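Source file my_file_29.txt; content: compact mmCIF, N, CA and C atoms.
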```
# COMPACT_ATOMS: atom_id res chain seq x y z
N MET A 163 153.18 -13.75 76.02
CA MET A 163 154.61 -14.02 76.08
C MET A 163 155.41 -12.75 75.80
N SER A 164 155.13 -11.73 76.52
CA SER A 164 155.81 -10.47 76.29
C SER A 164 157.28 -10.53 76.68
N ASP A 165 157.68 -11.52 77.47
CA ASP A 165 159.09 -11.62 77.87
C ASP A 165 159.91 -12.38 76.83
N GLY A 166 159.30 -12.86 75.74
CA GLY A 166 160.04 -13.52 74.67
C GLY A 166 160.47 -14.94 74.99
N LYS A 167 159.88 -15.56 76.00
CA LYS A 167 160.26 -16.93 76.36
C LYS A 167 159.13 -17.88 76.02
N LEU A 168 159.48 -19.08 75.67
CA LEU A 168 158.52 -20.11 75.31
C LEU A 168 158.51 -21.18 76.39
N ILE A 169 157.33 -21.54 76.87
CA ILE A 169 157.20 -22.58 77.88
C ILE A 169 156.44 -23.73 77.27
N GLY A 170 157.03 -24.92 77.26
CA GLY A 170 156.37 -26.10 76.73
C GLY A 170 155.62 -26.82 77.84
N LEU A 171 154.40 -27.28 77.52
CA LEU A 171 153.59 -27.99 78.51
C LEU A 171 153.24 -29.37 77.98
N ASP A 172 153.28 -30.35 78.85
CA ASP A 172 152.90 -31.71 78.52
C ASP A 172 151.71 -32.05 79.40
N PRO A 173 150.51 -32.19 78.80
CA PRO A 173 149.33 -32.41 79.64
C PRO A 173 149.33 -33.74 80.38
N THR A 174 150.22 -34.64 80.04
CA THR A 174 150.25 -35.93 80.72
C THR A 174 151.18 -35.94 81.93
N SER A 175 152.13 -35.02 81.99
CA SER A 175 153.08 -35.08 83.10
C SER A 175 153.37 -33.72 83.72
N GLY A 176 152.69 -32.68 83.29
CA GLY A 176 152.95 -31.36 83.85
C GLY A 176 153.98 -30.61 83.03
N PRO A 177 154.43 -29.46 83.53
CA PRO A 177 155.39 -28.64 82.78
C PRO A 177 156.70 -29.39 82.52
N LEU A 178 157.27 -29.12 81.36
CA LEU A 178 158.56 -29.71 81.02
C LEU A 178 159.67 -28.98 81.76
N GLU A 179 160.71 -29.70 82.10
CA GLU A 179 161.85 -29.10 82.77
C GLU A 179 162.64 -28.26 81.78
N ARG A 180 162.92 -27.02 82.13
CA ARG A 180 163.69 -26.13 81.25
C ARG A 180 165.16 -26.48 81.34
N LYS A 181 165.81 -26.57 80.18
CA LYS A 181 167.23 -26.90 80.15
C LYS A 181 168.10 -25.66 80.12
N ASP A 182 167.57 -24.55 79.67
CA ASP A 182 168.33 -23.30 79.64
C ASP A 182 167.36 -22.13 79.55
N ASP A 183 167.88 -20.93 79.50
CA ASP A 183 167.04 -19.74 79.49
C ASP A 183 167.07 -19.03 78.13
N ARG A 184 167.20 -19.80 77.05
CA ARG A 184 167.22 -19.17 75.73
C ARG A 184 165.90 -18.47 75.46
N ALA A 185 165.98 -17.28 74.93
CA ALA A 185 164.78 -16.53 74.56
C ALA A 185 164.46 -16.79 73.09
N LEU A 186 163.23 -16.53 72.72
CA LEU A 186 162.85 -16.64 71.32
C LEU A 186 163.56 -15.57 70.51
N PRO A 187 163.86 -15.85 69.25
CA PRO A 187 164.48 -14.80 68.42
C PRO A 187 163.50 -13.65 68.20
N GLY A 188 164.03 -12.48 67.94
CA GLY A 188 163.19 -11.32 67.70
C GLY A 188 162.38 -11.46 66.42
N ARG A 189 161.25 -10.80 66.38
CA ARG A 189 160.39 -10.83 65.20
C ARG A 189 160.95 -9.88 64.15
N PRO A 190 161.08 -10.35 62.90
CA PRO A 190 161.62 -9.46 61.86
C PRO A 190 160.63 -8.35 61.51
N ALA A 191 161.15 -7.21 61.10
CA ALA A 191 160.29 -6.09 60.72
C ALA A 191 159.54 -6.38 59.43
N SER A 192 160.12 -7.23 58.58
CA SER A 192 159.53 -7.55 57.29
C SER A 192 159.93 -8.97 56.90
N LEU A 193 159.15 -9.59 56.05
CA LEU A 193 159.51 -10.91 55.52
C LEU A 193 160.17 -10.81 54.14
N ASN A 194 160.33 -9.59 53.62
CA ASN A 194 160.98 -9.45 52.32
C ASN A 194 162.36 -10.07 52.36
N GLY A 195 162.63 -10.93 51.40
CA GLY A 195 163.91 -11.63 51.32
C GLY A 195 163.96 -12.91 52.13
N ALA A 196 162.92 -13.18 52.91
CA ALA A 196 162.90 -14.39 53.74
C ALA A 196 162.55 -15.61 52.90
N VAL A 197 162.98 -16.77 53.39
CA VAL A 197 162.60 -18.05 52.81
C VAL A 197 161.76 -18.76 53.86
N LEU A 198 160.52 -18.99 53.53
CA LEU A 198 159.54 -19.54 54.46
C LEU A 198 159.41 -21.04 54.27
N GLY A 199 159.58 -21.81 55.33
CA GLY A 199 159.34 -23.24 55.28
C GLY A 199 157.87 -23.51 55.55
N LEU A 200 157.23 -24.27 54.67
CA LEU A 200 155.81 -24.62 54.82
C LEU A 200 155.73 -26.12 55.02
N VAL A 201 155.45 -26.56 56.23
CA VAL A 201 155.45 -27.97 56.59
C VAL A 201 154.02 -28.44 56.82
N ALA A 202 153.52 -29.27 55.90
CA ALA A 202 152.16 -29.80 56.01
C ALA A 202 152.22 -31.24 56.50
N ASN A 203 151.22 -31.62 57.31
CA ASN A 203 151.22 -32.99 57.82
C ASN A 203 150.42 -33.95 56.94
N GLY A 204 149.78 -33.43 55.89
CA GLY A 204 149.08 -34.29 54.94
C GLY A 204 147.64 -34.60 55.28
N LEU A 205 147.18 -34.22 56.46
CA LEU A 205 145.78 -34.45 56.82
C LEU A 205 144.91 -33.32 56.28
N GLY A 206 143.71 -33.67 55.93
CA GLY A 206 142.75 -32.66 55.50
C GLY A 206 143.31 -31.77 54.41
N GLU A 207 143.16 -30.49 54.59
CA GLU A 207 143.60 -29.51 53.60
C GLU A 207 144.81 -28.73 54.10
N SER A 208 145.69 -29.37 54.88
CA SER A 208 146.84 -28.65 55.46
C SER A 208 147.73 -28.04 54.39
N LYS A 209 147.96 -28.75 53.31
CA LYS A 209 148.81 -28.22 52.22
C LYS A 209 148.14 -27.03 51.56
N VAL A 210 146.85 -27.15 51.26
CA VAL A 210 146.10 -26.06 50.64
C VAL A 210 146.07 -24.85 51.57
N PHE A 211 145.88 -25.09 52.87
CA PHE A 211 145.85 -24.02 53.85
C PHE A 211 147.19 -23.27 53.87
N LEU A 212 148.31 -24.00 53.91
CA LEU A 212 149.61 -23.35 53.95
C LEU A 212 149.89 -22.59 52.66
N ASP A 213 149.44 -23.12 51.53
CA ASP A 213 149.59 -22.38 50.27
C ASP A 213 148.81 -21.07 50.33
N ALA A 214 147.61 -21.08 50.94
CA ALA A 214 146.82 -19.86 51.07
C ALA A 214 147.50 -18.86 52.01
N VAL A 215 148.09 -19.35 53.09
CA VAL A 215 148.84 -18.47 54.01
C VAL A 215 149.99 -17.82 53.25
N TYR A 216 150.71 -18.62 52.47
CA TYR A 216 151.84 -18.10 51.70
C TYR A 216 151.37 -17.02 50.71
N GLU A 217 150.28 -17.28 49.99
CA GLU A 217 149.76 -16.29 49.04
C GLU A 217 149.38 -15.00 49.75
N GLU A 218 148.83 -15.12 50.95
CA GLU A 218 148.47 -13.93 51.73
C GLU A 218 149.73 -13.15 52.13
N LEU A 219 150.78 -13.86 52.54
CA LEU A 219 152.03 -13.19 52.91
C LEU A 219 152.67 -12.49 51.72
N LEU A 220 152.48 -13.03 50.52
CA LEU A 220 153.05 -12.42 49.32
C LEU A 220 152.45 -11.05 49.02
N ARG A 221 151.26 -10.78 49.52
CA ARG A 221 150.61 -9.48 49.28
C ARG A 221 151.43 -8.33 49.83
N ASP A 222 152.06 -8.54 50.98
CA ASP A 222 152.84 -7.48 51.63
C ASP A 222 154.34 -7.69 51.55
N ASN A 223 154.77 -8.85 51.09
CA ASN A 223 156.19 -9.21 51.07
C ASN A 223 156.51 -9.88 49.73
N GLU A 224 156.71 -9.08 48.70
CA GLU A 224 156.84 -9.60 47.35
C GLU A 224 158.04 -10.53 47.15
N THR A 225 159.08 -10.38 47.94
CA THR A 225 160.28 -11.17 47.70
C THR A 225 160.42 -12.38 48.61
N VAL A 226 159.38 -12.74 49.35
CA VAL A 226 159.44 -13.94 50.19
C VAL A 226 159.30 -15.16 49.28
N SER A 227 160.10 -16.19 49.55
CA SER A 227 160.00 -17.43 48.79
C SER A 227 159.72 -18.57 49.77
N ALA A 228 159.48 -19.78 49.23
CA ALA A 228 159.06 -20.87 50.09
C ALA A 228 159.76 -22.18 49.78
N VAL A 229 159.95 -22.98 50.81
CA VAL A 229 160.36 -24.38 50.72
C VAL A 229 159.20 -25.18 51.27
N ARG A 230 158.58 -25.98 50.42
CA ARG A 230 157.41 -26.76 50.83
C ARG A 230 157.81 -28.18 51.20
N VAL A 231 157.28 -28.65 52.32
CA VAL A 231 157.55 -30.01 52.79
C VAL A 231 156.22 -30.67 53.15
N LEU A 232 156.01 -31.87 52.65
CA LEU A 232 154.84 -32.67 53.01
C LEU A 232 155.34 -33.88 53.79
N LYS A 233 155.01 -33.94 55.07
CA LYS A 233 155.46 -35.05 55.91
C LYS A 233 154.79 -36.35 55.46
N PRO A 234 155.47 -37.49 55.63
CA PRO A 234 154.90 -38.77 55.21
C PRO A 234 153.77 -39.25 56.10
N SER A 235 153.65 -38.71 57.30
CA SER A 235 152.61 -39.11 58.24
C SER A 235 152.44 -38.00 59.27
N VAL A 236 151.29 -37.98 59.91
CA VAL A 236 151.02 -36.95 60.92
C VAL A 236 151.84 -37.15 62.18
N SER A 237 152.28 -38.36 62.44
CA SER A 237 152.92 -38.66 63.72
C SER A 237 154.44 -38.76 63.64
N VAL A 238 155.03 -38.27 62.56
CA VAL A 238 156.48 -38.32 62.42
C VAL A 238 157.02 -36.95 62.03
N ALA A 239 158.30 -36.79 62.27
CA ALA A 239 158.99 -35.57 61.84
C ALA A 239 159.18 -35.62 60.33
N PRO A 240 159.55 -34.50 59.72
CA PRO A 240 159.85 -34.52 58.29
C PRO A 240 160.98 -35.52 57.99
N GLU A 241 161.01 -36.01 56.76
CA GLU A 241 162.09 -36.90 56.33
C GLU A 241 163.43 -36.20 56.54
N PRO A 242 164.52 -36.95 56.77
CA PRO A 242 165.82 -36.32 57.02
C PRO A 242 166.24 -35.32 55.94
N ALA A 243 166.01 -35.63 54.67
CA ALA A 243 166.38 -34.70 53.60
C ALA A 243 165.54 -33.42 53.67
N ASP A 244 164.25 -33.56 53.99
CA ASP A 244 163.39 -32.38 54.13
C ASP A 244 163.80 -31.56 55.34
N TRP A 245 164.13 -32.24 56.44
CA TRP A 245 164.59 -31.52 57.65
C TRP A 245 165.87 -30.75 57.35
N ALA A 246 166.77 -31.36 56.60
CA ALA A 246 168.02 -30.68 56.23
C ALA A 246 167.72 -29.43 55.40
N ARG A 247 166.78 -29.53 54.46
CA ARG A 247 166.40 -28.36 53.65
C ARG A 247 165.79 -27.27 54.53
N LEU A 248 164.92 -27.67 55.46
CA LEU A 248 164.28 -26.68 56.33
C LEU A 248 165.30 -25.95 57.20
N THR A 249 166.24 -26.69 57.75
CA THR A 249 167.20 -26.06 58.68
C THR A 249 168.33 -25.32 57.96
N SER A 250 168.57 -25.61 56.69
CA SER A 250 169.66 -24.94 55.99
C SER A 250 169.20 -23.87 55.00
N GLU A 251 167.96 -23.96 54.51
CA GLU A 251 167.52 -23.07 53.44
C GLU A 251 166.47 -22.05 53.86
N THR A 252 165.86 -22.21 55.03
CA THR A 252 164.76 -21.32 55.39
C THR A 252 165.12 -20.34 56.49
N THR A 253 164.40 -19.24 56.50
CA THR A 253 164.55 -18.22 57.53
C THR A 253 163.63 -18.51 58.71
N LEU A 254 162.43 -19.00 58.41
CA LEU A 254 161.45 -19.37 59.42
C LEU A 254 160.51 -20.39 58.81
N ALA A 255 159.71 -21.05 59.65
CA ALA A 255 158.82 -22.09 59.14
C ALA A 255 157.46 -22.02 59.82
N ILE A 256 156.45 -22.51 59.09
CA ILE A 256 155.10 -22.64 59.61
C ILE A 256 154.70 -24.09 59.42
N ALA A 257 154.20 -24.72 60.47
CA ALA A 257 153.71 -26.09 60.36
C ALA A 257 152.18 -26.06 60.35
N GLY A 258 151.60 -26.76 59.37
CA GLY A 258 150.14 -26.81 59.26
C GLY A 258 149.63 -28.18 59.63
N PHE A 259 148.67 -28.23 60.52
CA PHE A 259 148.12 -29.50 60.98
C PHE A 259 146.66 -29.58 60.57
N GLY A 260 146.38 -30.43 59.58
CA GLY A 260 145.01 -30.62 59.14
C GLY A 260 144.32 -31.66 60.00
N GLY A 261 143.06 -31.78 59.83
CA GLY A 261 142.33 -32.75 60.62
C GLY A 261 141.02 -33.13 59.96
```
Could I get this structure in the form of structure tokens?
Amino acid sequence: MSDGKLIGLDPTSGPLERKDDRALPGRPASLNGAVLGLVANGLGESKVFLDAVYEELLRDNETVSAVRVLKPSVSVAPEPADWARLTSETTLAIAGFGG
């Protein structure tokens, strides 16, 4: 994806119709000062895995902080209050899917 665009695919119906030509945001040079959203789906060790990813990121980015969210089920979005926290308090997010 060197052109900075994201293409979504649906294996049941083919490529999704693009609604606009928005590009992905640029990658930051550093995560220092960032607030990272960690969204676990609750299956397997997804929460433990995301905590390990966060600890690894802290090695090079001492001032990164986190907002942790544990979804109530694998097949639903985060609770409305958690979604509000993610969209208002975080710089970027990582979703972990256990199995």
Using backbone DSSP assignments, extract all strand (DSSP E) residues from range 217-247 of chain A; output them as a PyMOL selection string.
chain A and resi 227-232
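Across A:Leu198, A:Leu232, A:Ala243, A:Leu186, the tightest approach to Tyr216 in chain A is made by A:Leu198 when counting only C-alpha atoms.
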Kindly give the distance, in Å, that separates atom N of Leu248 in chain A and atom N of Asp182 in chain A, rounded to a single decimal.
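Separation between atom N of Leu248 in chain A and atom N of Asp182 in chain A: 24.6 Å.
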Rank A:Pro234, A:Ala185, A:Gly258, A:Trp245 by their smallest atom-to-atom distance to Leu200 in chain A, using all atoms listed in the file, and report the top residue only.
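For Leu200 in chain A, the nearest of the candidates is A:Gly258.
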Which residues, written as a PDB file with N, CA and C atoms, in the coordinates of the input, have at least one atom at most 6.5 Å from Leu193 in chain A, with only N, CA and C atoms counted and residues fewer than 6 positions away on the same chain left out?
```
ATOM      1  N   ASN A 223     154.770  -8.850  51.090  1.00  0.00           N
ATOM      2  CA  ASN A 223     156.190  -9.210  51.070  1.00  0.00           C
ATOM      3  C   ASN A 223     156.510  -9.880  49.730  1.00  0.00           C
ATOM      4  N   THR A 225     159.080 -10.380  47.940  1.00  0.00           N
ATOM      5  CA  THR A 225     160.280 -11.170  47.700  1.00  0.00           C
ATOM      6  C   THR A 225     160.420 -12.380  48.610  1.00  0.00           C
ATOM      7  N   VAL A 226     159.380 -12.740  49.350  1.00  0.00           N
ATOM      8  CA  VAL A 226     159.440 -13.940  50.190  1.00  0.00           C
ATOM      9  C   VAL A 226     159.300 -15.160  49.280  1.00  0.00           C
TER      10      VAL A 226
END
```
Can you pull out the residues contacting range 202-204 of chain A? Cut-off 12 Å, using only C-alpha atoms, and skip same-chain residues under 6 positions away; I want them as an mmCIF file with N, CA and C atoms, in the frame of the given file.
```cif
data_model
loop_
_atom_site.group_PDB
_atom_site.id
_atom_site.type_symbol
_atom_site.label_atom_id
_atom_site.label_comp_id
_atom_site.auth_asym_id
_atom_site.auth_seq_id
_atom_site.Cartn_x
_atom_site.Cartn_y
_atom_site.Cartn_z
ATOM 1 N N VAL A 210 146.850 -27.150 51.260
ATOM 2 C CA VAL A 210 146.100 -26.060 50.640
ATOM 3 C C VAL A 210 146.070 -24.850 51.570
ATOM 4 N N PHE A 211 145.880 -25.090 52.870
ATOM 5 C CA PHE A 211 145.850 -24.020 53.850
ATOM 6 C C PHE A 211 147.190 -23.270 53.870
ATOM 7 N N LEU A 212 148.310 -24.000 53.910
ATOM 8 C CA LEU A 212 149.610 -23.350 53.950
ATOM 9 C C LEU A 212 149.890 -22.590 52.660
ATOM 10 N N ASP A 213 149.440 -23.120 51.530
ATOM 11 C CA ASP A 213 149.590 -22.380 50.270
ATOM 12 C C ASP A 213 148.810 -21.070 50.330
ATOM 13 N N VAL A 215 148.090 -19.350 53.090
ATOM 14 C CA VAL A 215 148.840 -18.470 54.010
ATOM 15 C C VAL A 215 149.990 -17.820 53.250
ATOM 16 N N VAL A 229 159.950 -22.980 50.810
ATOM 17 C CA VAL A 229 160.360 -24.380 50.720
ATOM 18 C C VAL A 229 159.200 -25.180 51.270
ATOM 19 N N ARG A 230 158.580 -25.980 50.420
ATOM 20 C CA ARG A 230 157.410 -26.760 50.830
ATOM 21 C C ARG A 230 157.810 -28.180 51.200
ATOM 22 N N VAL A 231 157.280 -28.650 52.320
ATOM 23 C CA VAL A 231 157.550 -30.010 52.790
ATOM 24 C C VAL A 231 156.220 -30.670 53.150
ATOM 25 N N LEU A 232 156.010 -31.870 52.650
ATOM 26 C CA LEU A 232 154.840 -32.670 53.010
ATOM 27 C C LEU A 232 155.340 -33.880 53.790
ATOM 28 N N LYS A 233 155.010 -33.940 55.070
ATOM 29 C CA LYS A 233 155.460 -35.050 55.910
ATOM 30 C C LYS A 233 154.790 -36.350 55.460
ATOM 31 N N PRO A 234 155.470 -37.490 55.630
ATOM 32 C CA PRO A 234 154.900 -38.770 55.210
ATOM 33 C C PRO A 234 153.770 -39.250 56.100
ATOM 34 N N SER A 235 153.650 -38.710 57.300
ATOM 35 C CA SER A 235 152.610 -39.110 58.240
ATOM 36 C C SER A 235 152.440 -38.000 59.270
ATOM 37 N N VAL A 236 151.290 -37.980 59.910
ATOM 38 C CA VAL A 236 151.020 -36.950 60.920
ATOM 39 C C VAL A 236 151.840 -37.150 62.180
ATOM 40 N N SER A 237 152.280 -38.360 62.440
ATOM 41 C CA SER A 237 152.920 -38.660 63.720
ATOM 42 C C SER A 237 154.440 -38.760 63.640
ATOM 43 N N VAL A 238 155.030 -38.270 62.560
ATOM 44 C CA VAL A 238 156.480 -38.320 62.420
ATOM 45 C C VAL A 238 157.020 -36.950 62.030
ATOM 46 N N ALA A 239 158.300 -36.790 62.270
ATOM 47 C CA ALA A 239 158.990 -35.570 61.840
ATOM 48 C C ALA A 239 159.180 -35.620 60.330
ATOM 49 N N PRO A 240 159.550 -34.500 59.720
ATOM 50 C CA PRO A 240 159.850 -34.520 58.290
ATOM 51 C C PRO A 240 160.980 -35.520 57.990
ATOM 52 N N GLU A 241 161.010 -36.010 56.760
ATOM 53 C CA GLU A 241 162.090 -36.900 56.330
ATOM 54 C C GLU A 241 163.430 -36.200 56.540
ATOM 55 N N ASP A 244 164.250 -33.560 53.990
ATOM 56 C CA ASP A 244 163.390 -32.380 54.130
ATOM 57 C C ASP A 244 163.800 -31.560 55.340
ATOM 58 N N ALA A 255 159.710 -21.050 59.650
ATOM 59 C CA ALA A 255 158.820 -22.090 59.140
ATOM 60 C C ALA A 255 157.460 -22.020 59.820
ATOM 61 N N ILE A 256 156.450 -22.510 59.090
ATOM 62 C CA ILE A 256 155.100 -22.640 59.610
ATOM 63 C C ILE A 256 154.700 -24.090 59.420
ATOM 64 N N ALA A 257 154.200 -24.720 60.470
ATOM 65 C CA ALA A 257 153.710 -26.090 60.360
ATOM 66 C C ALA A 257 152.180 -26.060 60.350
ATOM 67 N N GLY A 258 151.600 -26.760 59.370
ATOM 68 C CA GLY A 258 150.140 -26.810 59.260
ATOM 69 C C GLY A 258 149.630 -28.180 59.630
ATOM 70 N N PHE A 259 148.670 -28.230 60.520
ATOM 71 C CA PHE A 259 148.120 -29.500 60.980
ATOM 72 C C PHE A 259 146.660 -29.580 60.570
ATOM 73 N N GLY A 260 146.380 -30.430 59.580
ATOM 74 C CA GLY A 260 145.010 -30.620 59.140
ATOM 75 C C GLY A 260 144.320 -31.660 60.000
ATOM 76 N N GLY A 261 143.060 -31.780 59.830
ATOM 77 C CA GLY A 261 142.330 -32.750 60.620
ATOM 78 C C GLY A 261 141.020 -33.130 59.960
#
```
What is the distance, in Å and to one decimal place, between CA of Gly195 in chain A and atom N of Ser227 in chain A?
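That distance, rounded to one decimal, is 6.2 Å.
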Computed gap from CA of Pro242 in chain A to atom N of Val197 in chain A is 20.1 Å
Write down as a PyMOL selection string the residues belonging to range 168-255 of chain A that are assigned alpha helix (DSSP H) by DSSP computed on the backbone.
chain A and resi 208-222+242-251
Specify the axis-aligned box that encloses all atoms of range 206-222 of chain A listed in the file after padding of 4 Å on each side, stating its centre and edge lengths in Å to one decimal as lines of an AutoDock Vina configuration file.
```
center_x = 148.5
center_y = -20.6
center_z = 52.5
size_x = 19.6
size_y = 34.2
size_z = 14.9
```
Any chance you could build range 194-204 of chain A out to all heavy atoms and write it as a tab-separated table (two decimals), keeping the file's coordinate frame?
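Resulting contents of part_22.tsv:
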```
chain	number	residue	atom	x	y	z
A	194	ASN	N	160.33	-9.59	53.62
A	194	ASN	CA	160.98	-9.45	52.32
A	194	ASN	C	162.36	-10.07	52.36
A	194	ASN	O	163.14	-9.82	53.26
A	194	ASN	CB	161.06	-7.98	51.91
A	194	ASN	CG	159.75	-7.49	51.34
A	194	ASN	OD1	159.08	-8.21	50.60
A	194	ASN	ND2	159.37	-6.28	51.69
A	195	GLY	N	162.63	-10.93	51.40
A	195	GLY	CA	163.91	-11.63	51.32
A	195	GLY	C	163.96	-12.91	52.13
A	195	GLY	O	164.93	-13.65	52.07
A	196	ALA	N	162.92	-13.18	52.91
A	196	ALA	CA	162.90	-14.39	53.74
A	196	ALA	C	162.55	-15.61	52.90
A	196	ALA	O	161.94	-15.52	51.85
A	196	ALA	CB	161.87	-14.24	54.86
A	197	VAL	N	162.98	-16.77	53.39
A	197	VAL	CA	162.60	-18.05	52.81
A	197	VAL	C	161.76	-18.76	53.86
A	197	VAL	O	162.23	-19.07	54.95
A	197	VAL	CB	163.82	-18.90	52.42
A	197	VAL	CG1	163.37	-20.23	51.83
A	197	VAL	CG2	164.72	-18.16	51.44
A	198	LEU	N	160.52	-18.99	53.53
A	198	LEU	CA	159.54	-19.54	54.46
A	198	LEU	C	159.41	-21.04	54.27
A	198	LEU	O	159.17	-21.51	53.17
A	198	LEU	CB	158.20	-18.86	54.22
A	198	LEU	CG	157.04	-19.23	55.11
A	198	LEU	CD1	157.34	-18.88	56.55
A	198	LEU	CD2	155.79	-18.50	54.63
A	199	GLY	N	159.58	-21.81	55.33
A	199	GLY	CA	159.34	-23.24	55.28
A	199	GLY	C	157.87	-23.51	55.55
A	199	GLY	O	157.31	-23.00	56.51
A	200	LEU	N	157.23	-24.27	54.67
A	200	LEU	CA	155.81	-24.62	54.82
A	200	LEU	C	155.73	-26.12	55.02
A	200	LEU	O	155.96	-26.89	54.08
A	200	LEU	CB	155.02	-24.19	53.58
A	200	LEU	CG	155.08	-22.71	53.24
A	200	LEU	CD1	154.44	-22.45	51.89
A	200	LEU	CD2	154.42	-21.89	54.32
A	201	VAL	N	155.45	-26.56	56.23
A	201	VAL	CA	155.45	-27.97	56.59
A	201	VAL	C	154.02	-28.44	56.82
A	201	VAL	O	153.39	-28.08	57.81
A	201	VAL	CB	156.31	-28.22	57.86
A	201	VAL	CG1	156.39	-29.71	58.15
A	201	VAL	CG2	157.70	-27.61	57.71
A	202	ALA	N	153.52	-29.27	55.90
A	202	ALA	CA	152.16	-29.80	56.01
A	202	ALA	C	152.22	-31.24	56.50
A	202	ALA	O	153.13	-31.99	56.14
A	202	ALA	CB	151.47	-29.75	54.65
A	203	ASN	N	151.22	-31.62	57.31
A	203	ASN	CA	151.22	-32.99	57.82
A	203	ASN	C	150.42	-33.95	56.94
A	203	ASN	O	150.39	-35.14	57.19
A	203	ASN	CB	150.71	-33.04	59.26
A	203	ASN	CG	149.23	-32.78	59.39
A	203	ASN	OD1	148.54	-32.46	58.44
A	203	ASN	ND2	148.74	-32.91	60.61
A	204	GLY	N	149.78	-33.43	55.89
A	204	GLY	CA	149.08	-34.29	54.94
A	204	GLY	C	147.64	-34.60	55.28
A	204	GLY	O	146.93	-35.18	54.48
```
